[in-house]
Amino acid sequence: MSARSLFIPLTLFLVLGFLIGPFLIIVAASFSGGETLAFPPQGFSLRWILKVFTVESFRASFGMSMFLAIGGTAAALMLGIPASYALSRYKLPGAEIVRTVVSAPIIVPGIIVGLALLRYIVVPFQVGITPALFLAHTALVLPYAVRVVSASLDNLRSDIEEAAVLLGSSRLGAFFRVVMPNIRGGILSAFILGFVTSFNQVPVSLFLSGPGVRTLPIDMIAYMEIVFDPSVAALSSLLAFLSIGIVFAAERFLGFSRYV
Amino acid sequence: MFQNRAEALALALPAAFFAAAVFLMPVAILLSDGFRNPVGGWTISAYTDFFADPLNRTVFLRTLRLGAIVTVVSAVLGYAAAFAIVNLEPGTKGKMTGLVVLPLMISPVARTYAWIVILGRTGIVNQALQLVGLTDAPLRILFSETAVFVGLLQLFLPLMIISLISALENMPKDAVPAARVLGANWFQVFWKVILPLTKEGLVIGGTLVFTGSLTAYITPAILGGSKVLMLETLLYQQVSVSNNFVSASVIAFILIVMSFAANILLKRVATARNKQRVPQ
């Protein structure tokens with residue numbers, strides 16, 4: 001083999017090492033028996049993996065993140081599915097404006113969304129921390145919901161629901177009995193994408209989190225600034241395997257990547 | 001196509017109203033704050049004040065510089081990796097693409113945290129340097145621009161590789177062999193054949209990497225700290241430490257203008273590419 005034909009595969013190997021290596025190190029460090037975060041790990045134990053479940057603030061913030069990711073995505077879908085349907089099937093006056101407004105939160109950095117919400121909605125209207133985070137996460141996920149659901153609606157021929165209506169079904173009946181079963185995969189994919197986006201999101205929640213109420217990633221950052229033990233590594237590995245598992249299952253059963 | 005206007009509006013307006021109330025209006029008010037004159041009327045003095053401060057200028061230029069360096073390095077590594085992946089057997093190609101995408105599913109906090117283990121005082125890099133005797137005392141790599149650069153590169157490189165993979169796959173299969181047969185060396189093949197034919201993919205990947213680096217918060221916060229501020233961490237500091245909302249509004253405006261500009265460019269390139277595809 002010439003030097004040149006080795007060069008490209010070698011670069012690929014190094015790039016993959018650079019991308020995946022840090023994750024493997026985190027996984028290894030989370031099985032450490034030592035007191036501080038280190039690699040190579042000192043000894044082997046499950047104590048840090050087990051400790052994650054006993055840290056009170058992790059449990060609270062995990063619950064909060066799950067609530068925001070599931071509830072916020074569900075709310076975004078409830079707003080986004082009708083809007084996508086109107087955009088894809090109706091002659092909507094001002095369709096471009098609606099599309100832009102709904103998908104704008106994706107372009108603006110999350111930290112700005114969070115700050116704006118805090119100053120002009122949360123403070124003047126005395127909104128609580130949890131509802132404020134819920135609003136922010138819903139707005140954040142809405143663009144993804146509309147994009148993915150619109151894509152699967154556009155891939156579905158519209159004459160089948162027109163046929164259903166002609167054959168005497170109500171518009172609503174046609175939607176639930178004809179359209180919904182056909183875009184189920186798209187909706188589930190939108191849900192998973194929204195869930196992962198919301199769960200991993202940090203900047204939008206920075207200003208909105210309050211004493212004792214924060215999301216898991218923010219809690220992890222706060223913890224690692226004070227304690228230098230492997231429990232954040234353990235928690236990171238657990239979360240990583242969880243999200244890889246979800247996305248892998250979604251790809252396997254839904255063909256996730258077709259929609260995203 | 002259904003024609004009923006009232007029905008269409010009833011379906012679309014809740015989402016539009018929600019986004020406008022929760023997102024568009026607050027952000028618009030926030031941005032207008034930076035142009036408001038305390039004694040009435042409008043002014044750009046907040047902007048001249050902002051750029052008059054050397055610290056702000058340093059942070060602004062550092063953000064642009066890091067964004068540019070991360071984009072260029074990810075383009076170089078991205079071409080090599082994408083080129084290698086595209087030329088693999090179909091089965092291995094899928095697996096390798098999967099490995100490139102995998103980090104995107106892991107929380108950015110976890111991915112950034114890993115670099116503390118690697119770059120810290122007792123981290124792997126320092127252990128290795130001391131082992132081979134390049135340095136006696138551990139080097140301070142964390143909380144430096146290098147650390148932030150490495151973190152950002154690892155975070156956004158997959159986006160570049162994926163964009164370049166799809167660009168390389170859309171390239172005519174015989175373009176490279178043809179150029180080789182006609183006597184071009186590998187350097188010429190890249191500059192005269194591969195680069196022009198994958199320009200759009202490069203622009204798309206570059207925009208994603210650049211705006212991502214520009215607006216990253218977690219990486220500069222964890223790996224840079226208050227020593228290596230970028231625009232987002234400066235914004236956070238202005239609000240939470242100094243209570244300076246005018247300065248925060250200025251930074252927000254700068255960030256939004258830059259990411260909008262990048263997104264418009266991206267849209268242009270994407271539509272140009274779609275038009276090109278039609279005749280095929």
# chains A, B, ... in the order shown; residues from 1 in each chain; ligands from 1
>>> interface_residues(of="chain B", to="chain A", cutoff="6 Å", atoms="only C-alpha atoms", output="NGL selection string")
:B and (1-3 or 8 or 11-12 or 15-16 or 19 or 26-27 or 30 or 80-81 or 84 or 106-107 or 110 or 114 or 154)
>>> residues_around(residues="Val250 of chain B", least_positions_apart="5", cutoff="8 Å", atoms="only C-alpha atoms", output="list in words")
Leu31, Gly34, Ala46, Tyr47 and Phe50 of chain B
>>> residues_around(residues="Ala147 of chain B", least_positions_apart="3", cutoff="10 Å", atoms="only C-alpha atoms", output="ChimeraX atom specification")
/B:112,115-116,119-120,140-144,150-153,219-220,222-224,228
>>> write_last_selection(atoms="N, CA and C atoms", output="compact mmCIF listing (two decimals), in the first residue's frame")
# COMPACT_ATOMS: atom_id res chain seq x y z
N THR B 112 -18.94 17.54 26.54
CA THR B 112 -17.99 18.56 26.96
C THR B 112 -17.26 18.13 28.23
N TRP B 115 -13.97 16.25 28.14
CA TRP B 115 -12.70 16.95 27.89
C TRP B 115 -12.04 17.39 29.18
N ILE B 116 -12.81 17.50 30.27
CA ILE B 116 -12.19 17.81 31.56
C ILE B 116 -11.28 16.66 31.98
N LEU B 119 -8.26 16.85 29.34
CA LEU B 119 -7.37 18.01 29.29
C LEU B 119 -7.01 18.57 30.67
N GLY B 120 -7.62 18.05 31.72
CA GLY B 120 -7.38 18.60 33.07
C GLY B 120 -5.95 18.44 33.54
N ARG B 140 -1.45 23.94 31.80
CA ARG B 140 -2.81 24.41 32.01
C ARG B 140 -3.51 24.46 30.64
N ILE B 141 -4.23 23.40 30.32
CA ILE B 141 -4.89 23.35 29.01
C ILE B 141 -6.36 23.76 29.15
N LEU B 142 -6.97 23.31 30.26
CA LEU B 142 -8.37 23.72 30.49
C LEU B 142 -8.42 25.23 30.67
N PHE B 143 -9.56 25.82 30.42
CA PHE B 143 -9.75 27.26 30.54
C PHE B 143 -8.80 28.02 29.63
N SER B 144 -8.56 27.45 28.43
CA SER B 144 -7.78 28.17 27.43
C SER B 144 -8.58 28.11 26.13
N VAL B 150 -11.09 22.69 20.93
CA VAL B 150 -11.21 21.23 20.85
C VAL B 150 -12.65 20.81 21.14
N GLY B 151 -13.25 21.40 22.17
CA GLY B 151 -14.61 21.05 22.53
C GLY B 151 -15.61 21.37 21.42
N LEU B 152 -15.45 22.57 20.82
CA LEU B 152 -16.37 22.97 19.75
C LEU B 152 -16.19 22.08 18.53
N LEU B 153 -14.93 21.78 18.21
CA LEU B 153 -14.66 20.94 17.04
C LEU B 153 -15.32 19.58 17.20
N THR B 219 -20.01 24.67 25.89
CA THR B 219 -18.57 24.45 25.72
C THR B 219 -17.73 25.60 26.29
N PRO B 220 -17.97 26.86 25.88
CA PRO B 220 -17.17 27.92 26.49
C PRO B 220 -17.42 28.05 28.00
N ILE B 222 -18.02 25.58 30.20
CA ILE B 222 -17.34 24.53 30.97
C ILE B 222 -15.82 24.54 30.70
N LEU B 223 -15.43 24.66 29.43
CA LEU B 223 -14.01 24.53 29.10
C LEU B 223 -13.28 25.86 29.07
N GLY B 224 -14.02 26.97 28.97
CA GLY B 224 -13.37 28.27 28.92
C GLY B 224 -13.50 29.04 30.23
N VAL B 228 -11.97 32.57 29.28
CA VAL B 228 -12.14 32.57 27.83
C VAL B 228 -13.61 32.80 27.51
>>> atom_distance(atom1="atom CA of Phe62 of chain A", atom2="atom CA of Thr215 of chain A")
6.8 Å
>>> closest_residue(among="B:Asp136, B:Leu13, B:Ile165, B:Phe23", to="Ile106 of chain A", atoms="only C-alpha atoms")
B:Phe23
>>> residues_around(residues="segment 249-254 of chain A", least_positions_apart="4", cutoff="12 Å", atoms="only C-alpha atoms", output="PDB file with C-alpha atoms, in the first residue's frame")
ATOM      1  CA  ILE A 183     -48.584   9.946   9.456  1.00  0.00           C
ATOM      2  CA  ARG A 184     -48.194   8.075  12.737  1.00  0.00           C
ATOM      3  CA  GLY A 185     -44.526   7.361  12.023  1.00  0.00           C
ATOM      4  CA  GLY A 186     -43.866  11.013  11.319  1.00  0.00           C
ATOM      5  CA  ILE A 187     -45.582  12.103  14.520  1.00  0.00           C
ATOM      6  CA  LEU A 188     -43.624   9.590  16.600  1.00  0.00           C
ATOM      7  CA  SER A 189     -40.398  10.707  14.948  1.00  0.00           C
ATOM      8  CA  ALA A 190     -41.261  14.329  15.693  1.00  0.00           C
ATOM      9  CA  PHE A 191     -41.920  13.320  19.277  1.00  0.00           C
ATOM     10  CA  ILE A 192     -38.543  11.604  19.653  1.00  0.00           C
ATOM     11  CA  LEU A 193     -36.673  14.466  17.996  1.00  0.00           C
ATOM     12  CA  PHE A 241     -27.080   4.885  26.542  1.00  0.00           C
ATOM     13  CA  LEU A 242     -30.715   5.867  27.117  1.00  0.00           C
ATOM     14  CA  SER A 243     -30.816   8.290  24.193  1.00  0.00           C
ATOM     15  CA  ILE A 244     -28.807   6.016  21.882  1.00  0.00           C
ATOM     16  CA  GLY A 245     -31.250   3.232  22.786  1.00  0.00           C
ATOM     17  CA  ARG A 258     -36.605   9.225   6.753  1.00  0.00           C
ATOM     18  CA  TYR A 259     -38.416  11.993   8.613  1.00  0.00           C
ATOM     19  CA  VAL A 260     -35.647  13.949  10.270  1.00  0.00           C
TER      20      VAL A 260
ATOM     21  CA  GLY B  98     -23.683   5.745  12.228  1.00  0.00           C
TER      22      GLY B  98
END
>>> atom_distance(atom1="atom CA of Pro138 of chain B", atom2="atom CA of Asn126 of chain B")
5.6 Å
>>> select_by_dssp(residues="segment 160-258 of chain A", states="helix (DSSP H, G or I)", output="PyMOL selection string")
chain A and resi 160-166+171-200+203-206+216-226+231-254+256-258
>>> residues_around(residues="segment 226-228 of chain A", least_positions_apart="3", cutoff="8 Å", atoms="only C-alpha atoms", output="CSV table (one decimal) with C-alpha atoms, in the first residue's frame")
chain,number,residue,atom,x,y,z
A,36,THR,CA,-12.1,11.5,42.0
A,37,LEU,CA,-12.7,11.7,38.3
A,222,ALA,CA,-23.8,23.0,38.8
A,223,TYR,CA,-22.8,19.7,40.4
>>> closest_residue(among="B:Leu155, B:Ile124, B:Val72, B:Val246", to="Pro41 of chain A", atoms="only C-alpha atoms")
B:Ile124
>>> atom_distance(atom1="atom CA of Ala270 of chain B", atom2="atom CA of Arg65 of chain B")
25.8 Å
>>> residues_around(residues="segment 43-50 of chain A", least_positions_apart="6", cutoff="6 Å", atoms="only C-alpha atoms", output="MDAnalysis selection string")
chainID A and resid 31:33 231 234
>>> write_last_selection(atoms="C-alpha atoms", output="tab-separated table (two decimals), in the first residue's frame")
chain	number	residue	atom	x	y	z
A	31	PHE	CA	-16.95	2.49	36.59
A	32	SER	CA	-14.02	3.82	38.59
A	33	GLY	CA	-13.46	2.72	42.18
A	231	SER	CA	-20.96	10.62	39.45
A	234	ALA	CA	-21.79	7.89	35.49
>>> residues_around(residues="Ala248 of chain B", least_positions_apart="2", cutoff="7 Å", atoms="only C-alpha atoms", output="tab-separated table (two decimals) with C-alpha atoms, in the first residue's frame")
chain	number	residue	atom	x	y	z
B	235	LEU	CA	-24.22	37.64	27.73
B	238	GLN	CA	-23.70	40.60	31.85
B	239	VAL	CA	-27.13	39.53	33.09
B	244	ASN	CA	-26.46	44.99	32.53
B	245	PHE	CA	-29.50	44.32	30.34
B	246	VAL	CA	-28.60	46.89	27.71
B	250	VAL	CA	-26.57	44.38	22.23
B	251	ILE	CA	-24.94	40.93	22.37
B	252	ALA	CA	-28.29	39.28	21.58
>>> decode(residues="segment 89-240 of chain A", atoms="C-alpha atoms", output="mmCIF file, in the first residue's frame")
data_model
loop_
_atom_site.group_PDB
_atom_site.id
_atom_site.type_symbol
_atom_site.label_atom_id
_atom_site.label_comp_id
_atom_site.auth_asym_id
_atom_site.auth_seq_id
_atom_site.Cartn_x
_atom_site.Cartn_y
_atom_site.Cartn_z
ATOM 1 C CA ARG A 89 -53.712 21.014 2.764
ATOM 2 C CA TYR A 90 -55.363 24.433 2.764
ATOM 3 C CA LYS A 91 -55.014 27.649 0.815
ATOM 4 C CA LEU A 92 -53.939 29.501 3.921
ATOM 5 C CA PRO A 93 -53.818 33.283 3.731
ATOM 6 C CA GLY A 94 -50.376 34.410 4.896
ATOM 7 C CA ALA A 95 -49.010 30.861 4.859
ATOM 8 C CA GLU A 96 -45.412 32.077 4.571
ATOM 9 C CA ILE A 97 -45.796 34.340 7.604
ATOM 10 C CA VAL A 98 -47.263 31.504 9.677
ATOM 11 C CA ARG A 99 -44.439 29.197 8.608
ATOM 12 C CA THR A 100 -41.777 31.778 9.491
ATOM 13 C CA VAL A 101 -43.291 32.689 12.864
ATOM 14 C CA VAL A 102 -43.698 29.066 13.884
ATOM 15 C CA SER A 103 -40.187 28.020 12.864
ATOM 16 C CA ALA A 104 -38.367 31.143 14.078
ATOM 17 C CA PRO A 105 -37.350 29.784 17.525
ATOM 18 C CA ILE A 106 -34.900 27.430 15.800
ATOM 19 C CA ILE A 107 -32.763 30.284 14.448
ATOM 20 C CA VAL A 108 -32.555 32.385 17.609
ATOM 21 C CA PRO A 109 -30.036 31.155 20.209
ATOM 22 C CA GLY A 110 -31.750 29.579 23.218
ATOM 23 C CA ILE A 111 -30.123 31.871 25.767
ATOM 24 C CA ILE A 112 -31.828 34.866 24.126
ATOM 25 C CA VAL A 113 -35.214 33.130 24.106
ATOM 26 C CA GLY A 114 -34.821 32.368 27.794
ATOM 27 C CA LEU A 115 -33.779 35.912 28.708
ATOM 28 C CA ALA A 116 -36.572 37.516 26.665
ATOM 29 C CA LEU A 117 -39.161 35.238 28.235
ATOM 30 C CA LEU A 118 -37.870 35.960 31.717
ATOM 31 C CA ARG A 119 -37.924 39.731 31.326
ATOM 32 C CA TYR A 120 -41.120 40.280 29.369
ATOM 33 C CA ILE A 121 -43.400 37.353 30.245
ATOM 34 C CA VAL A 122 -42.275 35.724 33.483
ATOM 35 C CA VAL A 123 -41.568 38.843 35.556
ATOM 36 C CA PRO A 124 -44.446 41.109 34.391
ATOM 37 C CA PHE A 125 -47.077 38.332 34.478
ATOM 38 C CA GLN A 126 -45.730 36.604 37.616
ATOM 39 C CA VAL A 127 -45.382 33.232 35.885
ATOM 40 C CA GLY A 128 -44.023 30.428 38.084
ATOM 41 C CA ILE A 129 -40.724 28.698 37.270
ATOM 42 C CA THR A 130 -42.246 25.435 36.080
ATOM 43 C CA PRO A 131 -44.848 26.978 33.732
ATOM 44 C CA ALA A 132 -42.167 29.325 32.394
ATOM 45 C CA LEU A 133 -39.831 26.421 31.576
ATOM 46 C CA PHE A 134 -42.790 24.604 30.032
ATOM 47 C CA LEU A 135 -43.593 27.551 27.726
ATOM 48 C CA ALA A 136 -39.944 27.885 26.701
ATOM 49 C CA HIS A 137 -39.502 24.192 25.924
ATOM 50 C CA THR A 138 -42.772 24.084 23.973
ATOM 51 C CA ALA A 139 -41.670 27.065 21.838
ATOM 52 C CA LEU A 140 -38.286 25.438 21.334
ATOM 53 C CA VAL A 141 -39.731 22.131 20.094
ATOM 54 C CA LEU A 142 -42.518 23.662 17.951
ATOM 55 C CA PRO A 143 -40.312 24.261 14.858
ATOM 56 C CA TYR A 144 -39.155 20.617 14.858
ATOM 57 C CA ALA A 145 -42.734 19.378 15.295
ATOM 58 C CA VAL A 146 -43.990 21.461 12.361
ATOM 59 C CA ARG A 147 -41.054 20.551 10.134
ATOM 60 C CA VAL A 148 -41.239 16.788 10.670
ATOM 61 C CA VAL A 149 -45.058 16.535 10.592
ATOM 62 C CA SER A 150 -45.223 18.772 7.488
ATOM 63 C CA ALA A 151 -42.688 16.563 5.750
ATOM 64 C CA SER A 152 -44.731 13.429 6.398
ATOM 65 C CA LEU A 153 -47.996 15.185 5.378
ATOM 66 C CA ASP A 154 -46.380 16.333 2.132
ATOM 67 C CA ASN A 155 -45.364 12.754 1.418
ATOM 68 C CA LEU A 156 -48.944 11.563 1.829
ATOM 69 C CA ARG A 157 -51.233 11.930 -1.190
ATOM 70 C CA SER A 158 -54.031 14.330 -0.353
ATOM 71 C CA ASP A 159 -56.612 12.723 -2.637
ATOM 72 C CA ILE A 160 -57.284 9.880 -0.204
ATOM 73 C CA GLU A 161 -58.775 12.218 2.381
ATOM 74 C CA GLU A 162 -60.590 14.136 -0.348
ATOM 75 C CA ALA A 163 -62.048 10.788 -1.410
ATOM 76 C CA ALA A 164 -63.076 10.060 2.187
ATOM 77 C CA VAL A 165 -64.835 13.424 2.372
ATOM 78 C CA LEU A 166 -66.574 12.847 -0.969
ATOM 79 C CA LEU A 167 -67.740 9.456 0.294
ATOM 80 C CA GLY A 168 -69.508 11.180 3.182
ATOM 81 C CA SER A 169 -66.946 11.326 5.989
ATOM 82 C CA SER A 170 -66.698 14.561 7.937
ATOM 83 C CA ARG A 171 -63.485 16.552 7.572
ATOM 84 C CA LEU A 172 -62.553 15.730 11.151
ATOM 85 C CA GLY A 173 -63.430 12.044 10.696
ATOM 86 C CA ALA A 174 -61.286 11.917 7.567
ATOM 87 C CA PHE A 175 -58.372 13.412 9.469
ATOM 88 C CA PHE A 176 -58.521 10.960 12.362
ATOM 89 C CA ARG A 177 -59.388 7.850 10.338
ATOM 90 C CA VAL A 178 -57.449 8.433 7.136
ATOM 91 C CA VAL A 179 -54.656 10.931 7.707
ATOM 92 C CA MET A 180 -53.559 10.150 11.276
ATOM 93 C CA PRO A 181 -52.896 6.424 10.753
ATOM 94 C CA ASN A 182 -50.738 7.327 7.758
ATOM 95 C CA ILE A 183 -48.584 9.946 9.456
ATOM 96 C CA ARG A 184 -48.194 8.075 12.737
ATOM 97 C CA GLY A 185 -44.526 7.361 12.023
ATOM 98 C CA GLY A 186 -43.866 11.013 11.319
ATOM 99 C CA ILE A 187 -45.582 12.103 14.520
ATOM 100 C CA LEU A 188 -43.624 9.590 16.600
ATOM 101 C CA SER A 189 -40.398 10.707 14.948
ATOM 102 C CA ALA A 190 -41.261 14.329 15.693
ATOM 103 C CA PHE A 191 -41.920 13.320 19.277
ATOM 104 C CA ILE A 192 -38.543 11.604 19.653
ATOM 105 C CA LEU A 193 -36.673 14.466 17.996
ATOM 106 C CA GLY A 194 -38.495 16.972 20.202
ATOM 107 C CA PHE A 195 -37.885 14.895 23.315
ATOM 108 C CA VAL A 196 -34.128 14.623 22.704
ATOM 109 C CA THR A 197 -33.858 18.326 21.770
ATOM 110 C CA SER A 198 -35.716 19.430 24.872
ATOM 111 C CA PHE A 199 -33.973 17.004 27.212
ATOM 112 C CA ASN A 200 -30.474 18.067 26.132
ATOM 113 C CA GLN A 201 -31.254 21.770 25.933
ATOM 114 C CA VAL A 202 -29.302 24.026 28.296
ATOM 115 C CA PRO A 203 -29.221 27.706 27.237
ATOM 116 C CA VAL A 204 -32.985 28.258 27.086
ATOM 117 C CA SER A 205 -33.426 27.127 30.695
ATOM 118 C CA LEU A 206 -30.430 29.014 32.144
ATOM 119 C CA PHE A 207 -32.271 32.172 33.141
ATOM 120 C CA LEU A 208 -35.607 30.472 33.746
ATOM 121 C CA SER A 209 -34.409 27.936 36.296
ATOM 122 C CA GLY A 210 -34.889 28.989 39.891
ATOM 123 C CA PRO A 211 -33.913 27.850 43.346
ATOM 124 C CA GLY A 212 -34.453 24.117 43.575
ATOM 125 C CA VAL A 213 -36.182 23.938 40.205
ATOM 126 C CA ARG A 214 -33.865 23.191 37.329
ATOM 127 C CA THR A 215 -33.374 20.835 34.433
ATOM 128 C CA LEU A 216 -31.011 17.867 34.605
ATOM 129 C CA PRO A 217 -28.223 19.205 32.328
ATOM 130 C CA ILE A 218 -28.096 22.458 34.302
ATOM 131 C CA ASP A 219 -28.049 20.499 37.528
ATOM 132 C CA MET A 220 -25.136 18.437 36.174
ATOM 133 C CA ILE A 221 -23.159 21.586 35.333
ATOM 134 C CA ALA A 222 -23.846 22.987 38.808
ATOM 135 C CA TYR A 223 -22.795 19.692 40.436
ATOM 136 C CA MET A 224 -19.547 19.353 38.509
ATOM 137 C CA GLU A 225 -18.531 22.858 39.517
ATOM 138 C CA ILE A 226 -18.635 21.852 43.185
ATOM 139 C CA VAL A 227 -17.884 18.117 43.369
ATOM 140 C CA PHE A 228 -15.151 16.451 41.357
ATOM 141 C CA ASP A 229 -16.249 12.823 41.666
ATOM 142 C CA PRO A 230 -17.195 10.416 38.854
ATOM 143 C CA SER A 231 -20.956 10.620 39.452
ATOM 144 C CA VAL A 232 -21.524 13.122 36.614
ATOM 145 C CA ALA A 233 -19.573 10.766 34.350
ATOM 146 C CA ALA A 234 -21.791 7.894 35.486
ATOM 147 C CA LEU A 235 -24.938 9.930 34.904
ATOM 148 C CA SER A 236 -23.670 11.059 31.490
ATOM 149 C CA SER A 237 -23.069 7.448 30.419
ATOM 150 C CA LEU A 238 -26.498 6.363 31.620
ATOM 151 C CA LEU A 239 -28.183 9.209 29.726
ATOM 152 C CA ALA A 240 -26.115 8.563 26.617
#
